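Novice: The structure is given below, and queries will be raised subsequently.
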Amino acid sequence: MKFEVNIPEYLTVGDYQKISMVDHLTDNERTVEITSIITGIDRKVVDQWAPEDVSKIISNVLSLMEIDDATFYPIVEFDGVLYGYRTLSKMKLGEYIDLERLCKNPVQNLDEIMAILYRPVTKQRLQGMKYGVRQGLKIAKGEVENLFKYYDIEKYDSEQRIVDADKMKSFPASFALGALSFFLVVGSQSLNSMSKSSSQPEKKTMNSQMNALMQSIGDGLGQFIHYQKLPSLTSQEIRVSSI
């Protein structure tokens with residue numbers, strides 16, 4: 001039997017989350033599930049394929065799922081919308097509280113976390129900014145710290161986060177992991193800095209909130225690191241032909 005399977009350009013946040021839920025299955029069951037998730041072909045159809053055909057396809061899929069890097073980009077254009085990363089220094093208490101809850105399970109809630117960390121740009125001073133293209137996204141080039149100065153993003157709304165999270169399921173998983181990794185590093189550095197700062201009541205409140213947030217992320221970090229091994233697909237849409 002001959003058939004063709006299309007492998008997408010990259011692994012989405014939504015598919016990454018689905019893959020993270022098959023770890024409890026046997027090797028054969030996991031192979032079928034991952035094949036179904038990545039190709040979009042119904043599990044019942046994959047079940048009817050010969051083992052050697054599935055083996056040929058999954059070998060291509062797995063080779064594309066190896067992470068080489070999860071790079072952070074402050075400004076990206078995704079599905080026609082320009083998004084900016086929310087810097088830690090500008091976050092309000094509501095954002096901390098929601099991130100604390102969501103980061104207790106960072107893989108399962110990755111779409112909602114991204115809806116907090118990346119929000120539509122409302123004002124920008126990016127005229128003449130150079131862009132590159134990677135995994136279908138336009139990426140602003142430049143030093144991370146400098147790029148933060150050139151845009152403002154939408155005010156945080158927890159109800160809007162639910163709407164935006166659904167869009168983020170189509171966001172490249174490697175970009176999401178890069179943003180979360182960046183957040184973890186900066187958050188840890190900020191926590192150390194805040195611990196040495198003034199003991200004013202408002203600073204003590206933010207210090208306590210940041211500490212709780214970092215602890216929540218730490219609790220789920222083992223799972224996060226484990227699934228970082230299943231990142232974005234890097235090739236263009238590839239056709240894999242089987243017998």
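Chain identifiers are assigned as A, B, and so on, following the order in which chains appear in the structure tokens; residues are numbered from 1 within each chain, and ligands are numbered from 1 in order of appearance.
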Could you list, as an MDAnalysis selection string, every residue within 6 Å of Phe78 of chain A, counting only C-alpha atoms and ignoring same-chain residues fewer than 2 positions away?
Specialist: chainID A and resid 80:81 137
Novice: Would you mind listing what lies within 6 Å of Ala173 of chain A as a list in words, with only C-alpha atoms counted and same-chain residues fewer than 3 positions away left out?
Specialist: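 Counting only the stated atoms, we get Leu11, Thr12, Val13, Ala176 and Ser232 of chain A.
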Novice: Would you put the residues from that selection into a file with C-alpha atoms, as a compact mmCIF listing (two decimals), in the first residue's frame?
Specialist:
```txt
# COMPACT_ATOMS: atom_id res chain seq x y z
CA LEU A 11 5.52 21.40 16.44
CA THR A 12 2.77 23.60 17.88
CA VAL A 13 2.13 24.30 21.55
CA ALA A 176 7.16 29.09 23.79
CA SER A 232 9.77 22.13 17.31
```
Novice: Name all residues at most 12 Å from segment 121-129 of chain A (count only C-alpha atoms; drop same-chain ones fewer than 5 positions away) and give them as a PyMOL selection string.
Specialist: chain A and resi 74-78+80-86+138-143+146-155
Novice: Quick one: of A:Pro120, A:Gly94, A:Gly40, A:Pro172, who's nearest to Ser158 of chain A, counting only C-alpha atoms?
Specialist: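 For Ser158 of chain A, the nearest of the given residues is A:Gly94.
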Novice: Which of these, A:Leu93, A:Ile38, A:Val32, A:Glu100, has the shortest distance to Pro51 of chain A once you count only C-alpha atoms?
Specialist: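 Closest to Pro51 of chain A of all the choices is A:Val32.
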Novice: So, counting only C-alpha atoms, which residue among A:Val46, A:Ile57, A:Leu102, A:Ile113 is closest to Val5 of chain A?
Specialist: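 When distances to Val5 of chain A are compared using only C-alpha atoms, the smallest one comes from A:Ile57.
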Novice: Counting only C-alpha atoms, figure out which residue out of A:Thr31, A:Pro106, A:Leu177, A:Val144 gets nearest to Lys56 of chain A.
Specialist: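 Smallest separation from Lys56 of chain A among the options: A:Thr31.
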Novice: If I take atom CA of Asp111 of chain A and atom CA of Tyr96 of chain A, how far is one from the other in Å, to one decimal?
Specialist: 16.2 Å
Novice: How far is it from atom CA of Asp27 of chain A to atom CA of Met168 of chain A, in Å with one decimal?
Specialist: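 Interatomic distance here is 29.2 Å.
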Novice: For atom CA of Phe175 of chain A and atom CA of Phe72 of chain A, determine how far apart the two atoms are, in Å to one decimal place.
Specialist: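 That distance, rounded to one decimal, is 6.4 Å.
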Novice: Choose the residue, out of A:Val133, A:Ile37, A:Met114, A:Met21, that has the smallest atom-to-atom separation from Phe171 of chain A; count only C-alpha atoms.
Specialist: A:Met114
Novice: Please return, as a VMD selection string, all residues of segment 10-105 of chain A that DSSP assigns to alpha helix (DSSP H) on the basis of the backbone.
Specialist: chain A and resid 13 to 19 27 to 39 43 to 46 51 to 64 93 to 102
Novice: Export, as a short mmCIF file (atom, residue, chain, number, x, y, z; two decimals), in the first residue's frame, the selected residues with C-alpha atoms.
Specialist:
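Okay, this is what ended up in result31.cif:
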```cif
data_model
loop_
_atom_site.label_atom_id
_atom_site.label_comp_id
_atom_site.auth_asym_id
_atom_site.auth_seq_id
_atom_site.Cartn_x
_atom_site.Cartn_y
_atom_site.Cartn_z
CA VAL A 13 2.13 24.30 21.55
CA GLY A 14 -1.12 22.34 21.27
CA ASP A 15 0.55 19.24 19.81
CA TYR A 16 3.40 19.56 22.30
CA GLN A 17 0.84 19.43 25.11
CA LYS A 18 -0.84 16.38 23.60
CA ILE A 19 2.48 14.57 23.25
CA ASP A 27 6.21 2.11 23.52
CA ASN A 28 3.97 0.82 20.73
CA GLU A 29 0.96 2.80 21.92
CA ARG A 30 3.05 5.94 22.28
CA THR A 31 4.42 5.52 18.76
CA VAL A 32 0.92 5.31 17.31
CA GLU A 33 -0.34 8.28 19.35
CA ILE A 34 2.59 10.53 18.42
CA THR A 35 2.23 9.57 14.76
CA SER A 36 -1.46 10.45 14.91
CA ILE A 37 -0.81 13.77 16.69
CA ILE A 38 1.94 14.97 14.37
CA THR A 39 0.39 13.87 11.08
CA ARG A 43 -5.63 6.96 15.50
CA LYS A 44 -7.99 4.33 14.07
CA VAL A 45 -6.43 4.78 10.62
CA VAL A 46 -2.87 4.52 11.99
CA PRO A 51 4.22 -1.95 11.72
CA GLU A 52 7.02 -1.39 9.22
CA ASP A 53 5.12 1.55 7.67
CA VAL A 54 4.59 3.22 11.05
CA SER A 55 8.25 2.63 11.87
CA LYS A 56 9.37 4.45 8.71
CA ILE A 57 7.18 7.45 9.49
CA ILE A 58 7.93 7.72 13.20
CA SER A 59 11.67 7.64 12.53
CA ASN A 60 11.25 10.77 10.41
CA VAL A 61 8.98 12.39 13.00
CA LEU A 62 11.28 11.73 15.95
CA SER A 63 14.37 12.96 14.11
CA LEU A 64 12.59 16.27 13.56
CA LEU A 93 0.21 41.55 40.88
CA GLY A 94 -2.62 39.91 38.88
CA GLU A 95 -0.15 38.60 36.33
CA TYR A 96 2.06 37.16 39.10
CA ILE A 97 -0.92 35.44 40.73
CA ASP A 98 -2.12 33.81 37.50
CA LEU A 99 1.40 32.77 36.51
CA GLU A 100 1.93 31.23 39.95
CA ARG A 101 -1.13 29.02 39.49
CA LEU A 102 -0.48 28.13 35.85
#
```
Novice: Among segment 73-140 of chain A, which ones does DSSP place in strand (DSSP E or B), written as a list in words?
Specialist: Ile75, Val76, Glu77, Phe78, Val81, Leu82, Tyr83, Gly84, Tyr85, Tyr118, Arg119, Pro120, Val121, Thr122, Lys123, Gln124, Tyr131, Gly132, Val133, Arg134, Leu137, Lys138, Ile139 and Ala140 of chain A
